[in-house]
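**Q** Below are the structure tokens for one structure; questions will follow.
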There are 2 protein chains.
Amino acid sequence: MVDNKGITAEKDEFSEWFTQIMLKADLADYTDVSGCIVFKPTAYEIWEKIKQETDKRFKKLGIKNCYFPLFIPERFLSKEKEHVKGFSPEVAWVTHAGDTKLNERLAVRPTSETIMYPSYSKWIRSYRDLPLKLNQWNNVVRWEFKHPVLFLRTREFLWNEGHTVYATKEQAEKEKDEIINVYKEICEDYLALPSLIGKKTEKEKFAGAEYTISMEFYMPNGKAIQGPDFHHDGQNFAKAYDIKFLDENEKPQCAYQNTFAITTRMLGVMFAIHSDKKGLILPPQIAPNQIVIIPIFKEESKKQILQEAKKIKQTLSNHNPILDEREDQTPGFKFNEYELKGIPIRIEIGPKDLEKKQAIVVRRDRLTKTPVKLNNLKTEIPKILEDIQKSLFKKAEKLLEDNIIEVKTIKQLQEAVKNKKIALIPLCNSRECEDNLKFKTEGAKVLNIDDKQPREKGNCVICSKPADYIARVGKSY
Amino acid sequence: MVDNKGITAEKDEFSEWFTQIMLKADLADYTDVSGCIVFKPTAYEIWEKIKQETDKRFKKLGIKNCYFPLFIPERFLSKEKEHVKGFSPEVAWVTHAGDTKLNERLAVRPTSETIMYPSYSKWIRSYRDLPLKLNQWNNVVRWEFKHPVLFLRTREFLWNEGHTVYATKEQAEKEKDEIINVYKEICEDYLALPSLIGKKTEKEKFAGAEYTISMEFYMPNGKAIQGPDFHHDGQNFAKAYDIKFLDENEKPQCAYQNTFAITTRMLGVMFAIHSDKKGLILPPQIAPNQIVIIPIFKEESKKQILQEAKKIKQTLSNHNPILDEREDQTPGFKFNEYELKGIPIRIEIGPKDLEKKQAIVVRRDRLTKTPVKLNNLKTEIPKILEDIQKSLFKKAEKLLEDNIIEVKTIKQLQEAVKNKKIALIPLCNSRECEDNLKFKTEGAKVLNIDDKQPREKGNCVICSKPADYIARVGKSY
């Protein structure tokens with residue numbers, strides 16, 4: 001099913017380039033439901049690995065999986081005012097079952113606070129029931145009217161939604177670093193993606209949260225994109241949904257809550273940041289197959305070559321290698337195909353290599369060819385894979401760092417935004433200045449605010465009063 | 001969150017007994033969305049294990065996971081006539097997004113044939129694209145108007161749906177045994193559940209299939225219930241959705257298809273069949289925790305007892321043991337709690353046991369107590385767990401076999417149905433006789449037809465003409 005004609009767009013024609021790779025490398029497809037895509041097997045397998053690694057870490061933190069209904073009765077959705085305001089424009093509504101009109105409309109969950117918390121209210125009675133740490137891996141629907149992009153902006157997507165409840169604010173907030181560290185590990189060690197971690201402004205925080213911590217990524221088209229996030233809800237939902245408990249002194253108390261998520265959007269972020277003109281590049285730690293072995297057949301030595309290729313496959317079985325022994329395709333055709341699909345390492349073995357007791361190892365990230373003695377493959381390949389993983393992270397880190405710029409004036413900010421940079425700017429915390437900033441930059445917004453702040457922040461680039469923080473600002477998805 | 005007051009209904013008041021166990025053992029809860037339930041962590045963890053074991057076997061068969069949209073445009077749903085007739089009365093319809101009325105209604109998938117096959121039609125071009133073997137683990141919605149029952153009949157449920165495409169009928173049909181064997185292994189070796197495997201009649205087969213193979217289980221209330229199934233669709237969907245390919249001679253051919261599924265209903269079937277008056281009984285192979293260790297504290301030896309209990313936990317760590325060291329609950333309270341929750345083995349250790357260098361091992365299925373020397377726990381426990389697993393299967397097998405009865409006349413059939421038996425009856429394959437059978441038995445139906453048939457089948461109990469087969473008949477969910 002792979003279109004082997006290769007990518008005909010350059011990386012700087014981002015949208016065309018990205019879409020071509022997603023389709024030609026067989027990662028996704030459009031459907032007739034606008035904004036809803038097919039996650040094809042390779043993409044889905046990568047998502048399963050993200051799930052598995054995240055889930056393992058959640059379990060170590062005592063978080064348990066469960067499953068709540070897809071549907072939310074309309075009256076439940078409306079209980080927390082900010083929340084309903086944030087989500088109702090994007091809700092898909094079920095109004096009929098068969099030919100019967102329902103008495104009450106049902107929202108297809110855009111997120112599950114409003115269906116989970118009525119149950120929480122019922123289940124939580126005493127401090128002994130806390131903390132309650134639940135998580136779901138499911139599908140959600142947000143009927144955005146912006147232009148959909150494969151993986152990056154889809155109306156249905158897959159995610160985890162963690163929903164935890166604590167007796168005290170202090171306990172709840174302690175979870176912030178635990179969760180962000182899990183997501184950071186997944187993004188850095190598996191997806192090879194560095195990020196900017198910080199707090200969202202009041203304007204940009206999650207609808208209903210007290211504050212939101214986000215991880216922001218820098219895309220090759222110069223836009224920032226929000227990845228995993230963590231929301232401390234304080235008592236906002238607990239008050240709206242009546243989540244109370246009797247403390248050790250039998251006194252009624254209102255609980256504190258957090259929510260957190262990582263979504264299938266991260267597949268698109270990773271595909272976009274690492275890939276190149278030839279197609280997909282997958283970090284070895286997340287690649288379903290780390291190696292492809294391509295025997296170079298010559299009539300007289302075919303049998304021996306294939307035998308040796310099979311031996312290599314056996315030797316490197318830890319790396320889930322593909323052995324492509326098709327005879328109706330040329331090696332060149334195969335090279336293109338697996339470069340397009342982003343397999344981290346290609347191993348070629350032909351008659352001359354066999355003579356020299358070697359194989360040719362080609363790294364997908366650099367396309368460099370290195371002969372490696374057959375006896376050394378088992379020890380060398382893991383080192384090369386590790387180096388590819390590190391190199392991809394460093395390259396992405398350089399892309400990010402090279403595109404961050406400190407600015408002091410609105411003019412510099414406008415220039416930075418035009419040059420597709422993430423600007424570090426002094427800003428005050430007034431909503432007016434933040435709105436103004438967006439207007440004056442034709443759509444740039446505050447991505448988030450680093451926890452680490454300099455003592456001297458200078459003056460707000462908008463109103464010139466003393467700044468409250470140095471904010472990260474840029475155009476964003 | 002466990003209600004420790006125990007089960008107040010006998011197993012023969014099935015509905016009350018079953019619901020009490022599901023709620024009190026903390027497996028599920030109702031929600032305000034009628035027929036949609038919460039899968040609580042223990043139940044969900046068991047489902048994850050079913051998924052994992054099934055998935056591993058699917059992967060060995062070359063089946064890959066993917067994800068298609070939740071929503072199906074109305075015009076897609078209507079393409080296969082039998083299929084739309086079967087499902088449209090139960091479809092939940094999305095009609096609005098935010099305040100905007102959609103141009104076309106979207107069905108929330110009751111099953112995904114009609115959203116997957118338009119993509120299949122696009123992807124499959126040549127015999128080289130076949131077989132295509134995809135699977136999804138997802139949620140589906142069937143808005144049944146029958147009375148919902150926790151796990152057993154819910155409007156939203158979780159399942160796998162396998163959708164495979166082959167070039168020839170022969171290849172497609174070969175998959176039947178492969179898939180049924182996977183489901184059989186899961187049901188027998190993990191859930192400890194025997195089943196009756198056979199072909200559905202024309203009347204009862206899946207809407208759109210050429211034929212359906214089902215696994216039927218016998219519930220403690222005397223009703224049969226359908227579990228996993230496999231459908232051979234022939235070319236029905238391929239014709240409706242234009243799934244064609246060029247064969248090796250470049251001639252266009254229509255493809256052959258199968259679908260197959262196991263659902264969260266199986267959780268309810270397993271919970272119902274094994275459990276007893278004291279609560280849940282879980283087969284060790286599927287239990288999230290196989291053991292609970294309960295130290296019997298006396299003031300003077302508390303420290304030593306706890307130390308020994310921890311050592312036991314360490315020794316048996318393969319079995320994911322719980323050590324309940326709470327001091328504000330009595331041992332008796334804890335015994336009840338874990339009996340209610342169905343942990344396969346309880347290990348008690350008190351001062352007298354410590355003296356004798358032993359622990360008391362209590363099997364949940366029989367509630368028998370056996371002293372086992374501490375030194376022998378590591379070798380004895382796996383044997384006991386294995387025996388519990390086997391005993392549960394045998395007990396369920398006896399329940400099934402004891403409730404199957406051969407009948408030759410309509411009168412005997414009516415008697416058998418009244419006595420909550422599964423009857424083996426001679427039947428002809430006319431639709432009229434099958435309808436008549438249902439009417440005359442006040443609702444019993446043909447469950448399925450064993451592949452193995454006697455040479456002499458006798459005469460149809462309804463029309464007295466020569467029977468086409470011996471059918472399994474009973475009341476069913």
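Identifiers for the structure tokens are assigned positionally: chains receive A, B, ... in sequence, residues are indexed from 1 per chain, and ligands are indexed from 1 in the order shown.
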I need the contact residues of chain A against chain B, so if you could list those with any atom within 7 Å, counting only C-alpha atoms, and return them as number ranges by chain, that would help.
**A** A: 1, 33, 36-41, 44, 64-69, 73, 88-99, 123, 129, 143
**Q** Residues at most 8 Å from segment 309-316 of chain A, counting only C-alpha atoms, excluding those fewer than 6 positions away in the same chain, as a ChimeraX atom specification?
**A** /A:293-295,322-323,349,374,377-378
**Q** Can you write just those residues out, all heavy atoms, as a PDB file, in the first residue's frame?
**A**
ATOM      1  N   ILE A 293      16.803  -5.469   6.806  1.00  0.00           N
ATOM      2  CA  ILE A 293      17.942  -6.150   6.170  1.00  0.00           C
ATOM      3  C   ILE A 293      17.603  -6.373   4.699  1.00  0.00           C
ATOM      4  O   ILE A 293      16.557  -6.953   4.379  1.00  0.00           O
ATOM      5  CB  ILE A 293      18.209  -7.519   6.851  1.00  0.00           C
ATOM      6  CG1 ILE A 293      18.441  -7.304   8.352  1.00  0.00           C
ATOM      7  CG2 ILE A 293      19.400  -8.219   6.193  1.00  0.00           C
ATOM      8  CD1 ILE A 293      18.229  -8.560   9.178  1.00  0.00           C
ATOM      9  N   ILE A 294      18.479  -5.896   3.818  1.00  0.00           N
ATOM     10  CA  ILE A 294      18.222  -6.044   2.386  1.00  0.00           C
ATOM     11  C   ILE A 294      19.364  -6.817   1.726  1.00  0.00           C
ATOM     12  O   ILE A 294      20.476  -6.305   1.593  1.00  0.00           O
ATOM     13  CB  ILE A 294      18.022  -4.665   1.731  1.00  0.00           C
ATOM     14  CG1 ILE A 294      16.802  -4.000   2.392  1.00  0.00           C
ATOM     15  CG2 ILE A 294      17.821  -4.811   0.219  1.00  0.00           C
ATOM     16  CD1 ILE A 294      16.418  -2.677   1.837  1.00  0.00           C
ATOM     17  N   PRO A 295      19.090  -8.058   1.367  1.00  0.00           N
ATOM     18  CA  PRO A 295      20.115  -8.850   0.677  1.00  0.00           C
ATOM     19  C   PRO A 295      20.235  -8.373  -0.774  1.00  0.00           C
ATOM     20  O   PRO A 295      19.231  -8.101  -1.425  1.00  0.00           O
ATOM     21  CB  PRO A 295      19.549 -10.273   0.724  1.00  0.00           C
ATOM     22  CG  PRO A 295      18.096 -10.138   1.027  1.00  0.00           C
ATOM     23  CD  PRO A 295      17.816  -8.776   1.543  1.00  0.00           C
ATOM     24  N   ILE A 322      13.187  -6.383   9.965  1.00  0.00           N
ATOM     25  CA  ILE A 322      12.490  -6.858   8.777  1.00  0.00           C
ATOM     26  C   ILE A 322      13.557  -7.422   7.837  1.00  0.00           C
ATOM     27  O   ILE A 322      14.597  -6.790   7.634  1.00  0.00           O
ATOM     28  CB  ILE A 322      11.799  -5.681   8.048  1.00  0.00           C
ATOM     29  CG1 ILE A 322      10.766  -5.006   8.943  1.00  0.00           C
ATOM     30  CG2 ILE A 322      11.174  -6.140   6.728  1.00  0.00           C
ATOM     31  CD1 ILE A 322      10.273  -3.669   8.388  1.00  0.00           C
ATOM     32  N   LEU A 323      13.298  -8.585   7.271  1.00  0.00           N
ATOM     33  CA  LEU A 323      14.171  -9.078   6.205  1.00  0.00           C
ATOM     34  C   LEU A 323      13.368  -9.024   4.915  1.00  0.00           C
ATOM     35  O   LEU A 323      12.352  -9.706   4.789  1.00  0.00           O
ATOM     36  CB  LEU A 323      14.625 -10.517   6.503  1.00  0.00           C
ATOM     37  CG  LEU A 323      15.303 -11.269   5.354  1.00  0.00           C
ATOM     38  CD1 LEU A 323      16.531 -10.528   4.841  1.00  0.00           C
ATOM     39  CD2 LEU A 323      15.688 -12.686   5.788  1.00  0.00           C
ATOM     40  N   ILE A 349      23.545  -6.494   2.472  1.00  0.00           N
ATOM     41  CA  ILE A 349      24.592  -7.513   2.360  1.00  0.00           C
ATOM     42  C   ILE A 349      24.578  -8.124   0.960  1.00  0.00           C
ATOM     43  O   ILE A 349      23.563  -8.643   0.488  1.00  0.00           O
ATOM     44  CB  ILE A 349      24.498  -8.596   3.465  1.00  0.00           C
ATOM     45  CG1 ILE A 349      25.597  -9.642   3.247  1.00  0.00           C
ATOM     46  CG2 ILE A 349      23.124  -9.241   3.538  1.00  0.00           C
ATOM     47  CD1 ILE A 349      26.069 -10.298   4.497  1.00  0.00           C
ATOM     48  N   LEU A 374      30.613  -8.762  10.244  1.00  0.00           N
ATOM     49  CA  LEU A 374      29.448  -9.544  10.669  1.00  0.00           C
ATOM     50  C   LEU A 374      29.541  -9.937  12.137  1.00  0.00           C
ATOM     51  O   LEU A 374      28.555  -9.888  12.866  1.00  0.00           O
ATOM     52  CB  LEU A 374      29.312 -10.801   9.795  1.00  0.00           C
ATOM     53  CG  LEU A 374      28.974 -10.524   8.323  1.00  0.00           C
ATOM     54  CD1 LEU A 374      29.009 -11.817   7.510  1.00  0.00           C
ATOM     55  CD2 LEU A 374      27.623  -9.842   8.192  1.00  0.00           C
ATOM     56  N   LEU A 377      28.297  -7.094  14.477  1.00  0.00           N
ATOM     57  CA  LEU A 377      26.960  -6.493  14.368  1.00  0.00           C
ATOM     58  C   LEU A 377      26.238  -6.450  15.713  1.00  0.00           C
ATOM     59  O   LEU A 377      25.660  -5.437  16.094  1.00  0.00           O
ATOM     60  CB  LEU A 377      26.108  -7.268  13.355  1.00  0.00           C
ATOM     61  CG  LEU A 377      26.356  -6.958  11.869  1.00  0.00           C
ATOM     62  CD1 LEU A 377      25.545  -7.909  10.995  1.00  0.00           C
ATOM     63  CD2 LEU A 377      26.020  -5.503  11.540  1.00  0.00           C
ATOM     64  N   LYS A 378      26.303  -7.557  16.423  1.00  0.00           N
ATOM     65  CA  LYS A 378      25.538  -7.660  17.668  1.00  0.00           C
ATOM     66  C   LYS A 378      25.944  -6.596  18.686  1.00  0.00           C
ATOM     67  O   LYS A 378      25.108  -6.111  19.450  1.00  0.00           O
ATOM     68  CB  LYS A 378      25.695  -9.060  18.271  1.00  0.00           C
ATOM     69  CG  LYS A 378      24.525  -9.419  19.184  1.00  0.00           C
ATOM     70  CD  LYS A 378      24.633 -10.832  19.714  1.00  0.00           C
ATOM     71  CE  LYS A 378      23.635 -11.056  20.828  1.00  0.00           C
ATOM     72  NZ  LYS A 378      22.234 -10.999  20.374  1.00  0.00           N
TER      73      LYS A 378
END
**Q** Could you pull out the alpha helix (DSSP H) residues of segment 74-246 of chain B, going by DSSP on the backbone, and write them as a short mmCIF file (atom, residue, chain, number, x, y, z; two decimals) with N, CA and C atoms, in the first residue's frame?
**A**
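For reference, states.cif as written:
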data_model
loop_
_atom_site.label_atom_id
_atom_site.label_comp_id
_atom_site.auth_asym_id
_atom_site.auth_seq_id
_atom_site.Cartn_x
_atom_site.Cartn_y
_atom_site.Cartn_z
N GLU B 74 -24.23 8.77 7.36
CA GLU B 74 -25.45 7.98 7.17
C GLU B 74 -25.45 7.24 5.83
N ARG B 75 -24.96 7.90 4.79
CA ARG B 75 -25.01 7.24 3.46
C ARG B 75 -24.11 6.01 3.39
N PHE B 76 -23.03 5.98 4.22
CA PHE B 76 -22.16 4.79 4.24
C PHE B 76 -22.86 3.62 4.91
N LEU B 77 -23.58 3.94 6.00
CA LEU B 77 -24.21 2.89 6.79
C LEU B 77 -25.22 2.11 5.97
N LYS B 81 -27.63 -3.85 2.56
CA LYS B 81 -29.04 -3.80 2.98
C LYS B 81 -29.37 -4.54 4.27
N GLU B 82 -28.88 -5.79 4.38
CA GLU B 82 -29.17 -6.59 5.57
C GLU B 82 -28.54 -5.94 6.79
N HIS B 83 -27.33 -5.43 6.59
CA HIS B 83 -26.58 -4.82 7.67
C HIS B 83 -27.31 -3.60 8.24
N VAL B 84 -27.74 -2.71 7.36
CA VAL B 84 -28.41 -1.49 7.85
C VAL B 84 -29.74 -1.84 8.52
N LYS B 85 -30.41 -2.86 7.99
CA LYS B 85 -31.68 -3.28 8.58
C LYS B 85 -31.43 -3.79 10.01
N GLY B 86 -30.34 -4.54 10.17
CA GLY B 86 -30.01 -5.10 11.48
C GLY B 86 -29.63 -4.04 12.50
N PHE B 87 -28.93 -3.01 12.07
CA PHE B 87 -28.37 -2.09 13.05
C PHE B 87 -29.10 -0.75 13.21
N GLU B 113 -17.82 -2.02 9.97
CA GLU B 113 -17.78 -2.40 8.56
C GLU B 113 -17.93 -1.19 7.64
N THR B 114 -18.97 -0.39 7.92
CA THR B 114 -19.39 0.62 6.95
C THR B 114 -18.49 1.85 6.93
N ILE B 115 -17.64 2.02 7.92
CA ILE B 115 -16.65 3.10 7.84
C ILE B 115 -15.30 2.55 7.35
N MET B 116 -15.02 1.27 7.62
CA MET B 116 -13.74 0.71 7.21
C MET B 116 -13.70 0.34 5.72
N TYR B 117 -14.82 -0.20 5.23
CA TYR B 117 -14.75 -0.80 3.90
C TYR B 117 -14.63 0.21 2.76
N PRO B 118 -15.16 1.44 2.91
CA PRO B 118 -14.85 2.42 1.85
C PRO B 118 -13.33 2.66 1.75
N SER B 119 -12.61 2.63 2.90
CA SER B 119 -11.15 2.76 2.85
C SER B 119 -10.52 1.52 2.23
N TYR B 120 -11.02 0.35 2.61
CA TYR B 120 -10.50 -0.89 2.02
C TYR B 120 -10.63 -0.84 0.50
N SER B 121 -11.78 -0.35 0.05
CA SER B 121 -12.03 -0.27 -1.39
C SER B 121 -10.96 0.59 -2.07
N LYS B 122 -10.54 1.65 -1.38
CA LYS B 122 -9.53 2.56 -1.93
C LYS B 122 -8.14 1.94 -1.87
N TRP B 123 -7.84 1.22 -0.79
CA TRP B 123 -6.48 0.71 -0.56
C TRP B 123 -6.16 -0.54 -1.38
N LYS B 169 -12.25 -17.47 -1.34
CA LYS B 169 -13.14 -17.94 -0.28
C LYS B 169 -12.42 -18.96 0.60
N GLU B 170 -11.65 -19.81 -0.04
CA GLU B 170 -10.95 -20.87 0.68
C GLU B 170 -10.00 -20.26 1.73
N GLN B 171 -9.21 -19.28 1.28
CA GLN B 171 -8.29 -18.62 2.22
C GLN B 171 -9.07 -17.95 3.37
N ALA B 172 -10.15 -17.28 3.01
CA ALA B 172 -10.94 -16.58 4.04
C ALA B 172 -11.48 -17.57 5.06
N GLU B 173 -12.00 -18.69 4.58
CA GLU B 173 -12.63 -19.64 5.49
C GLU B 173 -11.61 -20.37 6.36
N LYS B 174 -10.38 -20.44 5.89
CA LYS B 174 -9.32 -21.06 6.68
C LYS B 174 -9.10 -20.29 8.00
N GLU B 175 -9.41 -19.02 7.96
CA GLU B 175 -9.21 -18.19 9.15
C GLU B 175 -10.19 -18.54 10.28
N LYS B 176 -11.28 -19.16 9.93
CA LYS B 176 -12.32 -19.46 10.92
C LYS B 176 -11.76 -20.21 12.13
N ASP B 177 -11.06 -21.31 11.87
CA ASP B 177 -10.54 -22.11 12.99
C ASP B 177 -9.44 -21.36 13.74
N GLU B 178 -8.61 -20.61 13.00
CA GLU B 178 -7.55 -19.84 13.66
C GLU B 178 -8.13 -18.90 14.71
N ILE B 179 -9.17 -18.18 14.31
CA ILE B 179 -9.75 -17.17 15.21
C ILE B 179 -10.53 -17.83 16.34
N ILE B 180 -11.35 -18.81 15.99
CA ILE B 180 -12.14 -19.48 17.03
C ILE B 180 -11.20 -20.13 18.05
N ASN B 181 -10.06 -20.66 17.58
CA ASN B 181 -9.11 -21.24 18.53
C ASN B 181 -8.52 -20.20 19.47
N VAL B 182 -8.27 -19.00 18.96
CA VAL B 182 -7.78 -17.93 19.84
C VAL B 182 -8.81 -17.65 20.93
N TYR B 183 -10.05 -17.43 20.52
CA TYR B 183 -11.10 -17.10 21.50
C TYR B 183 -11.32 -18.26 22.48
N LYS B 184 -11.22 -19.48 21.96
CA LYS B 184 -11.42 -20.66 22.80
C LYS B 184 -10.32 -20.71 23.88
N GLU B 185 -9.11 -20.46 23.47
CA GLU B 185 -7.99 -20.45 24.43
C GLU B 185 -8.21 -19.38 25.50
N ASN B 236 -20.46 -10.39 0.35
CA ASN B 236 -21.59 -9.47 0.57
C ASN B 236 -21.16 -8.02 0.72
N PHE B 237 -20.22 -7.78 1.63
CA PHE B 237 -19.77 -6.41 1.83
C PHE B 237 -18.86 -5.96 0.68
N ALA B 238 -18.04 -6.89 0.18
CA ALA B 238 -17.12 -6.55 -0.91
C ALA B 238 -17.90 -6.03 -2.12
N LYS B 239 -19.06 -6.64 -2.36
CA LYS B 239 -19.89 -6.15 -3.48
C LYS B 239 -20.51 -4.78 -3.15
N ALA B 240 -21.02 -4.66 -1.94
CA ALA B 240 -21.68 -3.41 -1.56
C ALA B 240 -20.69 -2.24 -1.49
#
**Q** One decimal, in Å: what's the spacing between atom CA of Leu196 of chain B and atom CA of Glu216 of chain B?
**A** 5.0 Å
